[in-house]
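The structure appears right after this line, and notes come after that.
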Amino acid sequence: MKRLLAALGVGVVAIAVVALVRARQFTPRRVPVPPAVAANPLPGAVDRLVAAIRIPSVSPADSAQRDSAAFRAMHAHLVRSFPRVHATMRRDVVGKDALLYTWVGTDSTLPPIVLMGHFDVVPVEPGTETRWTHPPFSGALTDSHVWGRGTLDDKSTVLGVLEASEALLAEGFAPRSTVYLAFGADEEVGGQRGAAVIAAMLRSRGIRPHFVLDEGGAVVAGVAPGVRAPVALVGIAEKGFASLELVVRAEGGHSSMPPRNTAAGVLARAITRVEGNPFPGSIRGAAAQQLDALGREMSFGRRVIFANRWLFDPAIERQLATSPQTDAMLRTTTAVTMLEGSPKDNVLPSQARAVVNFRILPGDSVAGIVDRAHRVIDDLRVEVRLLGVATEPSQISPTNTDAWALLERSIRQVYSDAVVVPYLVLGGTDSRYFRDLTPNVYRFAGFRLEAEDLSRFHGTNERIAIASYLEGIRFLAQLLRNAAG
Ligand SMILES: [Zn+2]
């Protein structure tokens, strides 16, 4: 017994020593960078953004409600605002109002780069208009901010990329590699008539971009406990999307003589089984890379934990699973979103229907979701089928390539206080249509945001700080210089 205790003691000490040594070696990986030579935004940049916000280029759920005149007005605004861009680049209107700009490089042997964005916006949710401090399409300009729908998502990127290009052209900059600017006009309703068409065009021309950059992350402070530096989150993967419809059919009839289980009851049982069997979660892929990069920035005490994930993963996973935001990093999520049964209290439902939305972690698949639903529900009375268009999760873009190094360097040159961290995008972006053109698909909008700004995406009081907008333009100019210069 004594010998056993002694051996156990030695084992514990050995593990502690290993954990401490690993924590000591677990230090920030910040590459030194030369100072930025980014072009400064030209005068009037903020006014040009304001004018773009005032144009209600909304993608409504029902495409019949689409205001084509607003999209034509956006096109005209861009032509007026960026004369050098339009004199230098080829501009194609693609699909439904999307824009593809081609800035031909001087060296045709170099692979091109693709910068993406979208200038359609989501509608303002009816009933919330009065909650806006400034009306959503006013483009109100205060001392510190531009307000309105599209200031974050994603007119700031479209205008910002064009501002950066215009400023570089004003300096006489000519890219060595070709630059494509791909701007969707239907991203908020799936991008089928915008980014999908642009990607197909480039594919048919055999174009293999060095990298593709789309919206996604931002530079945000306070995203992780214990990390003092602002974090530049760069999306290296994004989740897939699938909705399953569950349908139970039965004899209708009067509710005074019901069967033991109505269609609604059978469906309810299926739903509790689906909800009661969440996908297993674990720290892997992009989430593992995110924790690795963040952990290195933490205090020694926390580094002991994050440097020794072989020991602490179960505890970290339990902690992450306590909040929906971080739990979604760990697993394919399950959300029962729609439910219908009988239209009247005394009528048996002849059909009961539910919809469950899944956001699919890289590694899982749409077919796997359907399979698992059948297995978990295990009831032949419940029909299970895919609803609408499903999207497979993306591959994980590498972080050991030239393209990543170039992006990281460009970020650090302009955001010198920031640490660059790869992460998993929980929503979807137009960049999904480009995944077979290059492994290097990154999602980073380039602006500095406050943590509280994140709830303003698609929400109320969307706004961008003027200083952030101008800094973002400098970043985009630096990136163009580094990537194409
Ligand atoms: Zn967007």
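By order of appearance in the structure tokens: chains A, B, ..., then residues from 1 within every chain, and ligands from 1 in the order shown.
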Shell of 9 Å around Arg353 in chain A, only C-alpha atoms, local chain residues under 5 positions omitted, as a compact mmCIF listing (two decimals) with N, CA and C atoms, in the first residue's frame:
# COMPACT_ATOMS: atom_id res chain seq x y z
N GLU A 245 -37.04 18.46 -42.03
CA GLU A 245 -38.47 18.56 -41.76
C GLU A 245 -38.91 17.20 -41.21
N LEU A 246 -39.59 17.21 -40.08
CA LEU A 246 -40.14 15.98 -39.51
C LEU A 246 -41.67 16.06 -39.68
N VAL A 247 -42.22 15.03 -40.31
CA VAL A 247 -43.67 15.04 -40.56
C VAL A 247 -44.29 13.74 -40.05
N VAL A 248 -45.41 13.87 -39.34
CA VAL A 248 -46.19 12.70 -38.93
C VAL A 248 -47.60 12.86 -39.49
N ARG A 249 -48.05 11.85 -40.21
CA ARG A 249 -49.41 11.90 -40.77
C ARG A 249 -50.31 10.93 -40.01
N ALA A 263 -50.95 12.66 -34.05
CA ALA A 263 -49.77 12.99 -34.85
C ALA A 263 -48.87 13.96 -34.09
N ALA A 264 -49.50 14.89 -33.38
CA ALA A 264 -48.72 15.88 -32.63
C ALA A 264 -47.93 15.21 -31.50
N LEU A 267 -45.01 13.32 -32.94
CA LEU A 267 -43.98 14.29 -33.34
C LEU A 267 -43.25 14.83 -32.11
N MET A 338 -39.39 25.28 -35.92
CA MET A 338 -40.77 25.46 -36.38
C MET A 338 -41.61 24.25 -35.97
N LEU A 339 -42.89 24.54 -35.72
CA LEU A 339 -43.76 23.50 -35.18
C LEU A 339 -45.20 23.80 -35.59
N GLU A 340 -45.90 22.81 -36.17
CA GLU A 340 -47.33 23.03 -36.41
C GLU A 340 -48.11 21.72 -36.30
N GLY A 341 -49.35 21.85 -35.84
CA GLY A 341 -50.21 20.68 -35.71
C GLY A 341 -51.58 21.01 -36.24
Excluding Phe358 in chain A and residues on its chain fewer than 3 positions from it, collect all residues at most 10 Å away from it, counting only C-alpha atoms, and give them as a VMD selection string. chain A and resid 239 to 244 332 to 336 355 361 366 369 390
Quick one: write out the picked residues with C-alpha atoms as an mmCIF file, in the first residue's frame?
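What follows is the written file part-v7.cif:
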data_model
loop_
_atom_site.group_PDB
_atom_site.id
_atom_site.type_symbol
_atom_site.label_atom_id
_atom_site.label_comp_id
_atom_site.auth_asym_id
_atom_site.auth_seq_id
_atom_site.Cartn_x
_atom_site.Cartn_y
_atom_site.Cartn_z
ATOM 1 C CA LYS A 239 -20.083 25.573 -40.399
ATOM 2 C CA GLY A 240 -22.509 23.916 -42.783
ATOM 3 C CA PHE A 241 -26.276 24.340 -42.718
ATOM 4 C CA ALA A 242 -29.144 21.888 -42.981
ATOM 5 C CA SER A 243 -32.780 21.940 -41.957
ATOM 6 C CA LEU A 244 -34.718 18.714 -41.510
ATOM 7 C CA THR A 332 -22.955 20.371 -34.713
ATOM 8 C CA THR A 333 -25.808 22.252 -33.084
ATOM 9 C CA THR A 334 -29.466 21.238 -33.050
ATOM 10 C CA ALA A 335 -32.263 23.830 -32.937
ATOM 11 C CA VAL A 336 -35.945 22.959 -33.206
ATOM 12 C CA VAL A 355 -38.345 21.835 -38.600
ATOM 13 C CA LEU A 361 -19.235 21.257 -37.691
ATOM 14 C CA VAL A 366 -25.370 16.683 -44.338
ATOM 15 C CA ILE A 369 -27.196 14.530 -40.037
ATOM 16 C CA ALA A 390 -28.229 22.395 -47.396
#
Go through chain A residue by residue and, counting only C-alpha atoms and all ligand atoms, keep those with an atom at most 7 Å from ligand 1; for each kept residue give the shortest atom pair and its distance in Å to one decimal, ordered by chain and increasing number, as a Markdown table.
| residue | atom | partner | partner_atom_place_in_ligand_line | distance |
| --- | --- | --- | --- | --- |
| A:His118 | CA | ligand 1 | 1 (Zn) | 6.6 |
| A:Asp153 | CA | ligand 1 | 1 (Zn) | 4.6 |
| A:Asp154 | CA | ligand 1 | 1 (Zn) | 5.1 |
| A:Glu187 | CA | ligand 1 | 1 (Zn) | 6.7 |
| A:Glu188 | CA | ligand 1 | 1 (Zn) | 6.7 |
| A:Glu215 | CA | ligand 1 | 1 (Zn) | 6.4 |
| A:Thr429 | CA | ligand 1 | 1 (Zn) | 6.8 |
DSSP on the backbone: what in range 382-457 of chain A comes out alpha helix (DSSP H), as a list in words?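 Listing alpha helix (DSSP H) positions across range 382-457 of chain A yields Asp402, Ala403, Trp404, Ala405, Leu406, Leu407, Glu408, Arg409, Ser410, Ile411, Arg412, Gln413 and Val414 of chain A.
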Please provide the set of residues having any atom within 8 Å of Pro349 in chain A, restricted to only C-alpha atoms, with same-chain residues fewer than 4 positions apart removed, written as a list in words.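 The residues that qualify are Ala250, Glu251, Gly252, Gly253, Thr262, Ala263, Ala264, Gly341, Ser342 and Pro343 of chain A.
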Do a neighbour search on Arg193 in chain A at 7 Å with only C-alpha atoms, toss out local chain neighbours closer than 5 positions, and write the hits as an mmCIF file with N, CA and C atoms, in the first residue's frame.
data_model
loop_
_atom_site.group_PDB
_atom_site.id
_atom_site.type_symbol
_atom_site.label_atom_id
_atom_site.label_comp_id
_atom_site.auth_asym_id
_atom_site.auth_seq_id
_atom_site.Cartn_x
_atom_site.Cartn_y
_atom_site.Cartn_z
ATOM 1 N N GLY A 95 -24.809 37.985 -62.787
ATOM 2 C CA GLY A 95 -25.986 37.398 -62.126
ATOM 3 C C GLY A 95 -27.018 38.477 -61.862
ATOM 4 N N LYS A 96 -27.465 38.579 -60.614
ATOM 5 C CA LYS A 96 -28.469 39.586 -60.251
ATOM 6 C C LYS A 96 -27.759 40.725 -59.504
ATOM 7 N N ASP A 186 -26.787 39.539 -53.199
ATOM 8 C CA ASP A 186 -27.840 38.669 -52.652
ATOM 9 C C ASP A 186 -27.267 37.735 -51.572
#
Write out as a compact mmCIF listing (two decimals) with C-alpha atoms, in the first residue's frame the residues lying within 9 Å of Pro60 in chain A, counting only C-alpha atoms and excluding same-chain residues fewer than 3 positions away.
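Writing the result to part12.txt gives the following:
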# COMPACT_ATOMS: atom_id res chain seq x y z
CA SER A 63 -37.47 38.08 -54.06
CA ALA A 64 -40.57 39.64 -55.66
CA GLN A 65 -40.22 42.44 -53.09
CA ARG A 66 -36.69 43.25 -54.20
CA ASP A 67 -36.18 46.93 -55.07
CA VAL A 121 -28.41 44.15 -46.43
CA VAL A 122 -31.01 42.39 -44.30
CA PRO A 123 -34.36 44.12 -43.81
CA GLU A 188 -28.27 37.70 -47.28
CA VAL A 189 -30.55 35.32 -49.21
For His134 in chain A, which of A:Val376, A:Ile15, A:Ala328, A:Val146 is the closest residue, counting only C-alpha atoms? A:Val146
Would you please work out which residue, of A:Ser68, A:Thr128, A:Thr391, A:Ser165, is nearest to Leu479 in chain A when using only C-alpha atoms?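 Result for the nearest residue to Leu479 in chain A: A:Ser165.
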